[in-house]
file my_file.pdb (PDB, C-alpha atoms)
ATOM      1  CA  MET A 168       0.000   0.000   0.000
ATOM      2  CA  ALA A 169       2.846   2.364   0.858
ATOM      3  CA  ALA A 170       4.365   1.724  -2.556
ATOM      4  CA  TYR A 171       1.022   2.576  -4.196
ATOM      5  CA  TRP A 172       0.747   5.920  -2.400
ATOM      6  CA  ASN A 173       4.387   6.716  -3.152
ATOM      7  CA  TYR A 174       3.638   6.083  -6.824
ATOM      8  CA  CYS A 175       0.576   8.385  -6.676
ATOM      9  CA  ILE A 176       2.598  11.151  -5.066
ATOM     10  CA  PHE A 177       5.328  10.725  -7.671
ATOM     11  CA  ALA A 178       2.817  10.789 -10.551
ATOM     12  CA  TYR A 179       1.139  13.906  -9.140
ATOM     13  CA  ALA A 180       4.507  15.623  -8.730
ATOM     14  CA  GLN A 181       5.497  14.764 -12.286
ATOM     15  CA  THR A 182       2.188  16.114 -13.615
ATOM     16  CA  THR A 183       2.572  19.301 -11.602
ATOM     17  CA  VAL A 184       6.125  19.862 -12.785
ATOM     18  CA  ARG A 185       5.091  19.220 -16.378
ATOM     19  CA  SER A 186       2.238  21.719 -16.077
ATOM     20  CA  MET A 187       4.548  24.281 -14.514
ATOM     21  CA  LYS A 188       7.056  23.816 -17.329
ATOM     22  CA  LEU A 189       4.391  24.378 -19.954
ATOM     23  CA  VAL A 190       3.312  27.716 -18.536
ATOM     24  CA  ILE A 191       2.533  30.270 -21.225
ATOM     25  CA  SER A 192       3.627  33.865 -20.800
ATOM     26  CA  ILE A 193       1.016  36.075 -22.447
ATOM     27  CA  ILE A 194       2.336  39.515 -23.347
ATOM     28  CA  ILE A 195      -0.170  42.299 -23.988
ATOM     29  CA  PRO A 196       0.881  45.879 -24.767
ATOM     30  CA  VAL A 197      -1.883  48.258 -23.722
ATOM     31  CA  TYR A 198      -2.400  51.811 -24.937
ATOM     32  CA  ASN A 199      -5.743  53.616 -24.558
ATOM     33  CA  ALA A 200      -7.689  50.383 -25.018
ATOM     34  CA  SER A 201     -10.190  50.799 -22.173
ATOM     35  CA  LYS A 202     -13.145  50.282 -24.525
ATOM     36  CA  TYR A 203     -12.040  46.736 -25.392
ATOM     37  CA  LEU A 204      -9.568  45.713 -22.682
ATOM     38  CA  GLY A 205     -12.077  44.046 -20.368
ATOM     39  CA  ARG A 206     -13.303  41.802 -23.181
ATOM     40  CA  CYS A 207      -9.726  40.794 -23.988
ATOM     41  CA  LEU A 208      -8.772  39.991 -20.381
ATOM     42  CA  ASP A 209     -12.027  38.125 -19.755
ATOM     43  CA  SER A 210     -11.185  35.909 -22.716
ATOM     44  CA  LEU A 211      -8.015  34.936 -20.825
ATOM     45  CA  THR A 212      -9.752  34.106 -17.561
ATOM     46  CA  ASN A 213     -12.186  31.945 -19.554
ATOM     47  CA  GLN A 214      -9.446  29.811 -21.127
ATOM     48  CA  THR A 215      -9.697  26.032 -20.842
ATOM     49  CA  TYR A 216      -5.903  25.997 -20.433
ATOM     50  CA  THR A 217      -5.204  27.714 -17.129
ATOM     51  CA  THR A 218      -1.445  27.464 -16.595
ATOM     52  CA  TRP A 219      -0.446  30.899 -17.808
ATOM     53  CA  GLU A 220       0.824  34.267 -16.687
ATOM     54  CA  CYS A 221      -0.207  37.504 -18.334
ATOM     55  CA  ILE A 222       2.098  40.502 -18.425
ATOM     56  CA  LEU A 223       0.192  43.706 -19.160
ATOM     57  CA  ILE A 224       2.359  46.605 -20.303
ATOM     58  CA  ASP A 225       0.499  49.882 -19.853
ATOM     59  CA  ASP A 226       2.332  51.999 -22.406
ATOM     60  CA  GLY A 227       1.522  55.433 -20.993
ATOM     61  CA  SER A 228      -2.253  55.212 -21.502
ATOM     62  CA  THR A 229      -4.210  58.420 -20.918
ATOM     63  CA  ASP A 230      -7.575  56.693 -20.468
ATOM     64  CA  ASP A 231      -8.642  54.120 -17.841
ATOM     65  CA  SER A 232      -6.570  51.273 -19.309
ATOM     66  CA  GLY A 233      -3.935  51.353 -16.561
ATOM     67  CA  GLN A 234      -6.593  51.191 -13.852
ATOM     68  CA  ILE A 235      -8.329  48.276 -15.579
ATOM     69  CA  CYS A 236      -5.011  46.413 -15.720
ATOM     70  CA  ASP A 237      -4.490  46.956 -11.985
ATOM     71  CA  GLU A 238      -8.001  45.748 -11.202
ATOM     72  CA  TYR A 239      -7.456  42.449 -13.002
ATOM     73  CA  ALA A 240      -4.070  42.001 -11.299
ATOM     74  CA  GLU A 241      -5.726  42.485  -7.903
ATOM     75  CA  LYS A 242      -8.381  39.862  -8.670
ATOM     76  CA  ASP A 243      -6.136  37.264 -10.328
ATOM     77  CA  SER A 244      -2.490  36.714  -9.395
ATOM     78  CA  ARG A 245      -1.734  35.414 -12.886
ATOM     79  CA  PHE A 246      -1.885  39.016 -14.121
ATOM     80  CA  SER A 247       0.990  41.419 -13.563
ATOM     81  CA  VAL A 248       1.258  45.025 -14.725
ATOM     82  CA  ILE A 249       4.098  47.207 -15.934
ATOM     83  CA  HIS A 250       3.313  50.936 -16.070
ATOM     84  CA  LYS A 251       5.677  52.898 -18.297
ATOM     85  CA  ALA A 252       5.905  56.026 -20.404
ATOM     86  CA  ASN A 253       4.597  55.759 -23.950
ATOM     87  CA  GLN A 254       7.365  54.429 -26.211
ATOM     88  CA  GLY A 255       5.484  52.285 -28.698
ATOM     89  CA  VAL A 256       4.292  48.724 -29.065
ATOM     90  CA  SER A 257       7.690  47.186 -29.850
ATOM     91  CA  ILE A 258       9.383  48.496 -26.705
ATOM     92  CA  ALA A 259       6.341  47.420 -24.697
ATOM     93  CA  ARG A 260       6.516  43.870 -26.079
ATOM     94  CA  ASN A 261      10.255  43.743 -25.395
ATOM     95  CA  ALA A 262       9.574  44.703 -21.774
ATOM     96  CA  GLY A 263       7.133  41.804 -21.581
ATOM     97  CA  ILE A 264       9.692  39.376 -23.010
ATOM     98  CA  HIS A 265      12.247  40.443 -20.392
ATOM     99  CA  GLU A 266       9.742  39.937 -17.562
ATOM    100  CA  SER A 267       8.329  36.626 -18.811
ATOM    101  CA  THR A 268       9.019  33.378 -16.946
ATOM    102  CA  GLY A 269       7.081  30.868 -19.053
ATOM    103  CA  GLU A 270       8.384  28.206 -21.405
ATOM    104  CA  TRP A 271       6.219  29.589 -24.210
ATOM    105  CA  LEU A 272       5.529  33.159 -25.333
ATOM    106  CA  TYR A 273       2.196  34.333 -26.685
ATOM    107  CA  PHE A 274       1.451  37.861 -27.897
ATOM    108  CA  CYS A 275      -2.053  39.289 -27.816
ATOM    109  CA  ASP A 276      -3.525  42.656 -28.785
ATOM    110  CA  ALA A 277      -5.565  44.484 -26.170
ATOM    111  CA  ASP A 278      -8.518  45.120 -28.494
ATOM    112  CA  ASP A 279      -9.003  41.497 -29.595
ATOM    113  CA  GLU A 280      -9.774  38.246 -27.787
ATOM    114  CA  ILE A 281      -8.548  34.667 -27.564
ATOM    115  CA  LEU A 282     -11.120  31.967 -28.219
ATOM    116  CA  PRO A 283     -11.928  29.867 -25.097
ATOM    117  CA  ASP A 284      -9.827  26.864 -26.154
ATOM    118  CA  GLY A 285      -7.232  28.933 -28.023
ATOM    119  CA  LEU A 286      -4.300  28.412 -25.665
ATOM    120  CA  GLU A 287      -5.137  24.726 -25.228
ATOM    121  CA  THR A 288      -5.200  24.252 -29.007
ATOM    122  CA  LEU A 289      -1.780  25.871 -29.368
ATOM    123  CA  ILE A 290      -0.168  24.036 -26.456
ATOM    124  CA  GLU A 291      -1.394  20.694 -27.829
ATOM    125  CA  LEU A 292       0.514  21.435 -31.040
ATOM    126  CA  THR A 293       3.750  21.641 -29.030
ATOM    127  CA  SER A 294       3.740  17.892 -28.359
ATOM    128  CA  SER A 295       6.365  17.563 -31.102
ATOM    129  CA  LYS A 296       9.738  19.283 -30.784
ATOM    130  CA  ALA A 297       8.415  22.368 -32.569
ATOM    131  CA  GLU A 298       9.729  25.718 -31.377
ATOM    132  CA  ILE A 299       6.965  27.665 -33.146
ATOM    133  CA  VAL A 300       3.365  26.623 -33.707
ATOM    134  CA  PHE A 301       0.843  28.391 -35.949
ATOM    135  CA  GLY A 302      -2.899  28.419 -35.311
ATOM    136  CA  GLY A 303      -5.801  29.915 -37.232
ATOM    137  CA  TYR A 304      -8.000  32.936 -36.565
ATOM    138  CA  VAL A 305     -11.276  34.570 -37.484
ATOM    139  CA  GLU A 306     -11.711  38.182 -38.561
ATOM    140  CA  CYS A 307     -14.608  40.213 -37.214
ATOM    141  CA  CYS A 308     -16.220  43.586 -37.635
ATOM    142  CA  GLU A 309     -16.238  45.835 -34.596
ATOM    143  CA  ASN A 310     -19.744  44.565 -33.745
ATOM    144  CA  GLY A 311     -18.505  40.960 -33.624
ATOM    145  CA  GLU A 312     -19.829  39.808 -36.988
ATOM    146  CA  VAL A 313     -17.459  37.248 -38.529
ATOM    147  CA  ILE A 314     -16.251  38.380 -41.954
ATOM    148  CA  ALA A 315     -13.532  35.787 -42.606
ATOM    149  CA  SER A 316     -12.542  32.377 -41.239
ATOM    150  CA  PRO A 317     -10.566  29.329 -42.456
ATOM    151  CA  ARG A 318     -12.308  27.698 -45.427
ATOM    152  CA  ARG A 319     -10.943  24.208 -44.899
ATOM    153  CA  GLU A 320      -8.975  22.433 -42.209
ATOM    154  CA  GLU A 321      -5.231  22.221 -42.609
ATOM    155  CA  HIS A 322      -2.686  20.525 -40.377
ATOM    156  CA  CYS A 323       0.923  20.147 -41.455
ATOM    157  CA  MET A 324       4.567  20.520 -40.507
ATOM    158  CA  LEU A 325       6.793  22.992 -42.324
ATOM    159  CA  SER A 326      10.522  23.373 -42.528
ATOM    160  CA  ALA A 327      11.876  26.828 -41.736
ATOM    161  CA  GLU A 328      12.336  27.569 -45.445
ATOM    162  CA  GLU A 329       8.814  26.373 -46.262
ATOM    163  CA  ALA A 330       7.353  28.520 -43.468
ATOM    164  CA  ILE A 331       9.300  31.570 -44.684
ATOM    165  CA  LEU A 332       8.042  31.023 -48.226
ATOM    166  CA  GLN A 333       4.458  30.693 -47.017
ATOM    167  CA  LEU A 334       4.705  34.020 -45.189
ATOM    168  CA  TYR A 335       5.653  35.667 -48.479
ATOM    169  CA  LEU A 336       3.609  33.683 -50.974
ATOM    170  CA  HIS A 337       0.292  33.558 -49.103
ATOM    171  CA  PRO A 338      -0.386  37.174 -48.049
ATOM    172  CA  ASN A 339      -4.104  36.546 -47.492
ATOM    173  CA  SER A 340      -3.975  33.225 -45.674
ATOM    174  CA  ASN A 341      -3.492  32.009 -42.119
ATOM    175  CA  TYR A 342       0.258  31.885 -42.734
ATOM    176  CA  GLU A 343       0.283  35.675 -42.238
ATOM    177  CA  GLY A 344       2.949  37.269 -40.067
ATOM    178  CA  TYR A 345       0.560  38.034 -37.223
ATOM    179  CA  LEU A 346       1.803  37.275 -33.724
ATOM    180  CA  TRP A 347      -1.473  36.423 -32.010
ATOM    181  CA  CYS A 348      -2.099  33.086 -33.735
ATOM    182  CA  LYS A 349       1.351  31.736 -32.884
ATOM    183  CA  LEU A 350       3.217  30.326 -29.914
ATOM    184  CA  PHE A 351       6.988  30.818 -29.598
ATOM    185  CA  HIS A 352       9.322  28.802 -27.405
ATOM    186  CA  ALA A 353      10.913  31.198 -24.936
ATOM    187  CA  ASP A 354      14.388  29.671 -25.372
ATOM    188  CA  LEU A 355      14.211  30.276 -29.123
ATOM    189  CA  VAL A 356      13.548  33.965 -28.511
ATOM    190  CA  LYS A 357      15.784  34.606 -25.518
ATOM    191  CA  LYS A 358      18.841  32.520 -26.387
ATOM    192  CA  ASN A 359      18.981  34.125 -29.818
ATOM    193  CA  ALA A 360      18.350  37.607 -28.361
ATOM    194  CA  ILE A 361      15.380  38.160 -30.672
ATOM    195  CA  LEU A 362      13.535  41.375 -29.864
ATOM    196  CA  PHE A 363      11.138  43.674 -31.686
ATOM    197  CA  SER A 364      12.789  46.440 -33.681
ATOM    198  CA  GLU A 365      12.028  49.635 -31.789
ATOM    199  CA  HIS A 366      11.976  51.879 -34.850
ATOM    200  CA  ILE A 367       9.777  49.726 -37.096
ATOM    201  CA  TYR A 368       6.102  50.703 -36.871
ATOM    202  CA  PHE A 369       4.627  48.629 -39.711
ATOM    203  CA  ASN A 370       5.217  44.891 -40.147
ATOM    204  CA  GLU A 371       7.316  44.722 -36.994
ATOM    205  CA  ASP A 372       5.386  41.554 -36.145
ATOM    206  CA  ARG A 373       6.232  39.826 -39.445
ATOM    207  CA  LEU A 374       9.894  40.783 -38.975
ATOM    208  CA  PHE A 375       9.871  39.205 -35.513
ATOM    209  CA  VAL A 376       8.298  36.003 -36.864
ATOM    210  CA  MET A 377      10.874  35.884 -39.647
ATOM    211  CA  GLN A 378      13.729  36.288 -37.164
ATOM    212  CA  CYS A 379      12.340  33.428 -35.094
ATOM    213  CA  LEU A 380      11.919  31.181 -38.139
ATOM    214  CA  SER A 381      15.525  31.826 -39.130
ATOM    215  CA  HIS A 382      16.701  30.189 -35.883
ATOM    216  CA  VAL A 383      14.431  27.129 -35.540
ATOM    217  CA  SER A 384      16.010  23.687 -35.359
ATOM    218  CA  HIS A 385      12.790  21.704 -35.804
ATOM    219  CA  PRO A 386       9.802  21.865 -38.180
ATOM    220  CA  VAL A 387       7.066  24.426 -37.543
ATOM    221  CA  VAL A 388       3.642  22.973 -36.750
ATOM    222  CA  TYR A 389       0.634  24.574 -38.415
ATOM    223  CA  LYS A 390      -3.056  23.915 -37.803
ATOM    224  CA  ASN A 391      -5.604  26.455 -38.947
ATOM    225  CA  LEU A 392      -8.117  25.708 -36.207
ATOM    226  CA  PRO A 393      -9.085  29.219 -35.021
ATOM    227  CA  VAL A 394      -7.530  30.302 -31.722
ATOM    228  CA  TYR A 395      -8.099  34.056 -31.965
ATOM    229  CA  ARG A 396     -10.750  36.611 -32.816
ATOM    230  CA  TYR A 397      -9.255  39.587 -34.658
ATOM    231  CA  TYR A 398     -11.381  42.746 -34.765
ATOM    232  CA  HIS A 399     -11.132  45.386 -37.461
ATOM    233  CA  HIS A 400     -10.943  48.740 -35.674
ATOM    234  CA  PRO A 401     -10.768  52.140 -37.371
ATOM    235  CA  GLN A 402      -8.243  53.235 -34.719
ATOM    236  CA  SER A 403      -5.579  50.709 -35.788
ATOM    237  CA  ALA A 404      -2.433  51.900 -37.576
ATOM    238  CA  PHE A 405      -3.298  50.046 -40.780
ATOM    239  CA  TRP A 406      -6.865  51.258 -41.005
ATOM    240  CA  GLY A 407      -5.778  54.767 -40.083
ATOM    241  CA  LEU A 408      -3.402  54.654 -43.042
ATOM    242  CA  GLN A 409      -6.380  54.195 -45.333
ATOM    243  CA  GLN A 410      -7.696  57.566 -44.145
ATOM    244  CA  GLN A 411      -4.533  59.662 -44.209
ATOM    245  CA  TRP A 412      -0.844  59.356 -45.012
ATOM    246  CA  ASN A 413       1.449  58.332 -42.170
ATOM    247  CA  PRO A 414       5.170  59.145 -42.676
ATOM    248  CA  ARG A 415       6.019  56.147 -40.506
ATOM    249  CA  TYR A 416       4.758  53.865 -43.266
ATOM    250  CA  ILE A 417       8.259  54.014 -44.755
ATOM    251  CA  THR A 418       9.288  51.671 -41.935
ATOM    252  CA  ASP A 419       7.296  48.958 -43.723
ATOM    253  CA  LEU A 420      10.016  49.055 -46.382
ATOM    254  CA  ARG A 421      12.728  48.948 -43.731
ATOM    255  CA  ALA A 422      11.044  45.897 -42.238
ATOM    256  CA  TYR A 423      11.128  44.107 -45.597
ATOM    257  CA  VAL A 424      14.780  45.034 -46.112
ATOM    258  CA  ASN A 425      15.569  43.630 -42.665
ATOM    259  CA  MET A 426      13.574  40.483 -43.482
ATOM    260  CA  TYR A 427      15.544  40.032 -46.695
ATOM    261  CA  GLU A 428      18.798  40.277 -44.748
ATOM    262  CA  VAL A 429      17.492  37.747 -42.198
ATOM    263  CA  VAL A 430      16.516  35.349 -44.981
ATOM    264  CA  CYS A 431      19.910  35.687 -46.697
ATOM    265  CA  ALA A 432      21.674  34.907 -43.418
ATOM    266  CA  ALA A 433      19.411  31.902 -42.787
ATOM    267  CA  THR A 434      19.428  30.170 -46.173
ATOM    268  CA  SER A 435      21.481  29.908 -49.329
ATOM    269  CA  ASP A 436      18.413  28.911 -51.342
ATOM    270  CA  VAL A 437      18.386  31.396 -54.234
ATOM    271  CA  TYR A 438      14.655  31.036 -54.838
ATOM    272  CA  VAL A 439      13.781  31.806 -51.208
ATOM    273  CA  ARG A 440      16.082  34.829 -51.325
ATOM    274  CA  LEU A 441      14.451  36.007 -54.528
ATOM    275  CA  VAL A 442      10.978  35.717 -53.001
ATOM    276  CA  ALA A 443      12.211  37.772 -50.028
ATOM    277  CA  LYS A 444      13.552  40.399 -52.435
ATOM    278  CA  ASP A 445      10.140  40.522 -54.076
ATOM    279  CA  GLY A 446       8.810  41.560 -50.659
ATOM    280  CA  ILE A 447      10.930  44.711 -50.922
ATOM    281  CA  ARG A 448       9.476  45.423 -54.359
ATOM    282  CA  SER A 449       5.926  44.902 -53.098
ATOM    283  CA  SER A 450       6.495  47.247 -50.160
ATOM    284  CA  ILE A 451       7.770  50.031 -52.425
ATOM    285  CA  LYS A 452       4.757  49.535 -54.664
ATOM    286  CA  SER A 453       2.405  49.725 -51.674
ATOM    287  CA  ILE A 454       3.990  52.907 -50.307
ATOM    288  CA  ARG A 455       3.812  54.626 -53.691
ATOM    289  CA  ARG A 456       0.186  53.618 -53.990
ATOM    290  CA  MET A 457      -0.578  55.184 -50.603
ATOM    291  CA  LEU A 458       1.252  58.395 -51.510
ATOM    292  CA  LYS A 459      -0.772  58.635 -54.704
ATOM    293  CA  ARG A 460      -4.011  57.816 -52.925
ATOM    294  CA  HIS A 461      -3.564  60.641 -50.438
ATOM    295  CA  HIS A 462      -2.053  63.057 -53.011
ATOM    296  CA  VAL A 463       1.083  63.429 -50.917
ATOM    297  CA  LYS A 464       4.603  64.280 -52.029
ATOM    298  CA  ASP A 465       7.210  63.233 -49.486
ATOM    299  CA  PRO A 466      10.761  63.815 -50.816
ATOM    300  CA  ALA A 467      12.430  61.964 -47.926
ATOM    301  CA  VAL A 468      10.279  58.872 -48.479
ATOM    302  CA  GLU A 469      10.765  59.001 -52.252
ATOM    303  CA  ASP A 470      14.523  59.337 -51.799
ATOM    304  CA  GLU A 471      14.713  56.328 -49.464
ATOM    305  CA  MET A 472      12.656  54.202 -51.866
ATOM    306  CA  ALA A 473      14.881  55.205 -54.787
ATOM    307  CA  LYS A 474      18.050  54.328 -52.855
ATOM    308  CA  THR A 475      16.573  50.972 -51.819
ATOM    309  CA  GLU A 476      15.631  50.197 -55.415
ATOM    310  CA  ARG A 477      19.162  50.941 -56.602
ATOM    311  CA  LEU A 478      20.600  48.711 -53.889
ATOM    312  CA  PHE A 479      18.288  45.715 -54.135
ATOM    313  CA  LEU A 480      16.309  45.968 -57.373
ATOM    314  CA  GLY A 481      18.712  46.382 -60.248
ATOM    315  CA  PHE A 482      17.976  45.306 -63.833
ATOM    316  CA  ARG A 483      18.951  41.673 -63.231
ATOM    317  CA  ASP A 484      16.855  41.531 -60.043
ATOM    318  CA  LYS A 485      13.788  42.945 -61.776
ATOM    319  CA  THR A 486      14.247  40.534 -64.677
ATOM    320  CA  GLN A 487      14.413  37.579 -62.298
ATOM    321  CA  LEU A 488      11.328  38.788 -60.433
ATOM    322  CA  PHE A 489       9.431  39.257 -63.694
ATOM    323  CA  ILE A 490      10.230  35.704 -64.795
ATOM    324  CA  MET A 491       9.464  34.323 -61.318
ATOM    325  CA  LYS A 492       5.988  35.870 -61.390
ATOM    326  CA  ARG A 493       5.117  34.517 -64.828
ATOM    327  CA  PHE A 494       7.199  31.355 -65.150
ATOM    328  CA  PRO A 495       7.895  30.134 -61.591
ATOM    329  CA  ARG A 496       9.121  26.717 -62.725
ATOM    330  CA  PHE A 497      11.548  28.142 -65.259
ATOM    331  CA  ILE A 498      13.161  30.502 -62.735
ATOM    332  CA  LEU A 499      14.387  27.522 -60.708
ATOM    333  CA  HIS A 500      16.498  26.414 -63.694
ATOM    334  CA  TRP A 501      17.562  29.902 -64.763
ATOM    335  CA  ILE A 502      18.992  30.957 -61.394
TER     336      ILE A 502
END
call {"tool": "encode", "arguments": {"input": "my_file.pdb", "output": "structure tokens"}}
result
Amino acid sequence: MAAYWNYCIFAYAQTTVRSMKLVISIIIPVYNASKYLGRCLDSLTNQTYTTWECILIDDGSTDDSGQICDEYAEKDSRFSVIHKANQGVSIARNAGIHESTGEWLYFCDADDEILPDGLETLIELTSSKAEIVFGGYVECCENGEVIASPRREEHCMLSAEEAILQLYLHPNSNYEGYLWCKLFHADLVKKNAILFSEHIYFNEDRLFVMQCLSHVSHPVVYKNLPVYRYYHHPQSAFWGLQQQWNPRYITDLRAYVNMYEVVCAATSDVYVRLVAKDGIRSSIKSIRRMLKRHHVKDPAVEDEMAKTERLFLGFRDKTQLFIMKRFPRFILHWI
């Protein structure tokens, strides 16, 4: 009988240790999100997977967001709050990474919500040796109406190069560079000193994902079962750009240049590098389209785009990209 109870105690201890090891650190930058913050934090307390900590970074909010963060921390010890001066979402996320103690990192936006079994779905995908797992998501209007969701179920494993290609080649799919449908192993991020670029304001999330993918040692696991509800808000940086020109949009190009450099350091595959270079071309095209849309002339932005084109998009590059777009099979033999 004593042996039986010793075994039970041992099994319980092993289960407890395993659960503690699999703790998820949820990092949420918060800035003037009081209208939606309660909904977001309630979605955490309603999770079927309960072994998590949530680090709320109040990034100098001028509304009631900081107070709401403190209230949740008082009610639930899994929440902790960092109050700091406003320095932007990247610095806020970096602060959360430094304070995190979990084995896995998860990034959430304060104006969205995680589906009730979202964390459980993601943690189940970590049963392999994967260092990054991708989940799916649904897109909603501000009133909650679903406007887009996965059309068919997908579940696969991707090499780092395959995952990088998917991020470039499927711009309207669940392979997007969003953070909030992915789980990152903390060792992958911290041992490789991967942080968010503090001076990139557009596509900083995709750049972070690309940096992580460039360091993985095991295949990435992808399952498009929705884990997250993403709301379209007119206050977001992207939607605000549709209304008026934002000079910071030039950092989208800088992000793609940085991604190209990351890809070149990670792989010698010429095709993957060429696809990454096409990202630079697409960014320049997008910025010029926005300038034209808003009837804006910005000499500094135009000058930076011209310099980037001369550096990365010479005649040979443009010829290769042209052939790649129209004859993708032929380009593999030509390069």
call {"tool": "residues_around", "arguments": {"input": "my_file.pdb", "residues": "segment 301-317 of chain A", "least_positions_apart": "6", "cutoff": "6 Å", "atoms": "all atoms listed in the file", "output": "mmCIF file with C-alpha atoms, in the frame of the given file"}}
result
data_model
loop_
_atom_site.group_PDB
_atom_site.id
_atom_site.type_symbol
_atom_site.label_atom_id
_atom_site.label_comp_id
_atom_site.auth_asym_id
_atom_site.auth_seq_id
_atom_site.Cartn_x
_atom_site.Cartn_y
_atom_site.Cartn_z
ATOM 1 C CA ASN A 341 -3.492 32.009 -42.119
ATOM 2 C CA CYS A 348 -2.099 33.086 -33.735
ATOM 3 C CA LYS A 349 1.351 31.736 -32.884
ATOM 4 C CA TYR A 389 0.634 24.574 -38.415
ATOM 5 C CA LYS A 390 -3.056 23.915 -37.803
ATOM 6 C CA ASN A 391 -5.604 26.455 -38.947
ATOM 7 C CA LEU A 392 -8.117 25.708 -36.207
ATOM 8 C CA PRO A 393 -9.085 29.219 -35.021
ATOM 9 C CA VAL A 394 -7.530 30.302 -31.722
ATOM 10 C CA TYR A 395 -8.099 34.056 -31.965
ATOM 11 C CA ARG A 396 -10.750 36.611 -32.816
ATOM 12 C CA TYR A 397 -9.255 39.587 -34.658
ATOM 13 C CA TYR A 398 -11.381 42.746 -34.765
ATOM 14 C CA HIS A 399 -11.132 45.386 -37.461
#
call {"tool": "residues_around", "arguments": {"input": "my_file.pdb", "residues": "segment 439-441 of chain A", "least_positions_apart": "5", "cutoff": "12 Å", "atoms": "all atoms listed in the file", "output": "MDAnalysis selection string"}}
result
chainID A and resid 327:336 423:424 426:434 446:448 479:480 483:492 495 498:499 502
call {"tool": "closest_residue", "arguments": {"input": "my_file.pdb", "among": "A:Val300, A:Met472, A:Cys275, A:Leu346", "to": "Asn370 of chain A", "atoms": "only C-alpha atoms"}}
result
A:Leu346
call {"tool": "resolve_selection", "arguments": {"input": "my_file.pdb", "expression": "the PyMOL selection byres ((chain A and resi 250-253) around 6)", "output": "ChimeraX atom specification"}}
result
/A:225-227,249,254-255
call {"tool": "resolve_selection", "arguments": {"input": "my_file.pdb", "expression": "the PyMOL selection byres ((chain A and resi 408-418) around 8)", "output": "list in words"}}
result
His366, Ile367, Tyr368, Phe369, Ala404, Phe405, Trp406, Gly407, Asp419, Leu420, Arg421, Ala422, Ile454, Met457, Leu458, His461, Val463 and Val468 of chain A
call {"tool": "resolve_selection", "arguments": {"input": "my_file.pdb", "expression": "the PyMOL selection byres ((chain A and resi 385) around 9)", "output": "list of chain:residue names"}}
result
A:Ser295, A:Lys296, A:Ala297, A:Glu298, A:Ile299, A:Leu325, A:Ser326, A:Ala327, A:Val383, A:Ser384, A:Pro386, A:Val387
call {"tool": "write_last_selection", "arguments": {"input": "my_file.pdb", "atoms": "C-alpha atoms", "output": "PDB file, keeping the file's coordinate frame"}}
result
ATOM      1  CA  SER A 295       6.365  17.563 -31.102  1.00  0.00           C
ATOM      2  CA  LYS A 296       9.738  19.283 -30.784  1.00  0.00           C
ATOM      3  CA  ALA A 297       8.415  22.368 -32.569  1.00  0.00           C
ATOM      4  CA  GLU A 298       9.729  25.718 -31.377  1.00  0.00           C
ATOM      5  CA  ILE A 299       6.965  27.665 -33.146  1.00  0.00           C
ATOM      6  CA  LEU A 325       6.793  22.992 -42.324  1.00  0.00           C
ATOM      7  CA  SER A 326      10.522  23.373 -42.528  1.00  0.00           C
ATOM      8  CA  ALA A 327      11.876  26.828 -41.736  1.00  0.00           C
ATOM      9  CA  VAL A 383      14.431  27.129 -35.540  1.00  0.00           C
ATOM     10  CA  SER A 384      16.010  23.687 -35.359  1.00  0.00           C
ATOM     11  CA  PRO A 386       9.802  21.865 -38.180  1.00  0.00           C
ATOM     12  CA  VAL A 387       7.066  24.426 -37.543  1.00  0.00           C
TER      13      VAL A 387
END
call {"tool": "closest_residue", "arguments": {"input": "my_file.pdb", "among": "A:Ala262, A:Leu355, A:Ala277, A:Val256", "to": "Ile235 of chain A", "atoms": "only C-alpha atoms"}}
result
A:Ala277
call {"tool": "closest_residue", "arguments": {"input": "my_file.pdb", "among": "A:Thr217, A:Asp209, A:Phe274, A:Ser228", "to": "Ile194 of chain A", "atoms": "only C-alpha atoms"}}
result
A:Phe274
call {"tool": "residues_near_point", "arguments": {"input": "my_file.pdb", "point": "(1.0, 41.2, -18.5)", "cutoff": "7 Å", "atoms": "all atoms listed in the file", "output": "JSON list (two decimals) with C-alpha atoms, in the coordinates of the input"}}
result
[["chain", "number", "residue", "atom", "x", "y", "z"],
["A", 193, "ILE", "CA", 1.02, 36.08, -22.45],
["A", 194, "ILE", "CA", 2.34, 39.52, -23.35],
["A", 195, "ILE", "CA", -0.17, 42.30, -23.99],
["A", 221, "CYS", "CA", -0.21, 37.50, -18.33],
["A", 222, "ILE", "CA", 2.10, 40.50, -18.42],
["A", 223, "LEU", "CA", 0.19, 43.71, -19.16],
["A", 224, "ILE", "CA", 2.36, 46.60, -20.30],
["A", 246, "PHE", "CA", -1.88, 39.02, -14.12],
["A", 247, "SER", "CA", 0.99, 41.42, -13.56],
["A", 248, "VAL", "CA", 1.26, 45.02, -14.72],
["A", 263, "GLY", "CA", 7.13, 41.80, -21.58]]
call {"tool": "closest_residue", "arguments": {"input": "my_file.pdb", "among": "A:Cys323, A:Val197, A:Val356, A:Leu208", "to": "His265 of chain A", "atoms": "all atoms listed in the file"}}
result
A:Val356
call {"tool": "residues_around", "arguments": {"input": "my_file.pdb", "residues": "Val376 of chain A", "least_positions_apart": "4", "cutoff": "9 Å", "atoms": "only C-alpha atoms", "output": "list in words"}}
result
Gly344, Tyr345, Leu346, Glu371, Asp372, Leu380 and Ser381 of chain A
call {"tool": "atom_distance", "arguments": {"input": "my_file.pdb", "atom1": "atom CA of Asp470 of chain A", "atom2": "atom CA of Lys444 of chain A"}}
result
19.0 Å
call {"tool": "atom_distance", "arguments": {"input": "my_file.pdb", "atom1": "atom CA of Arg206 of chain A", "atom2": "atom CA of Pro283 of chain A"}}
result
12.2 Å
call {"tool": "residues_near_point", "arguments": {"input": "my_file.pdb", "point": "(-4.0, 26.3, -17.2)", "cutoff": "10 Å", "atoms": "all atoms listed in the file", "output": "number ranges by chain"}}
result
A: 186-187, 189-191, 212, 214-220, 286-287
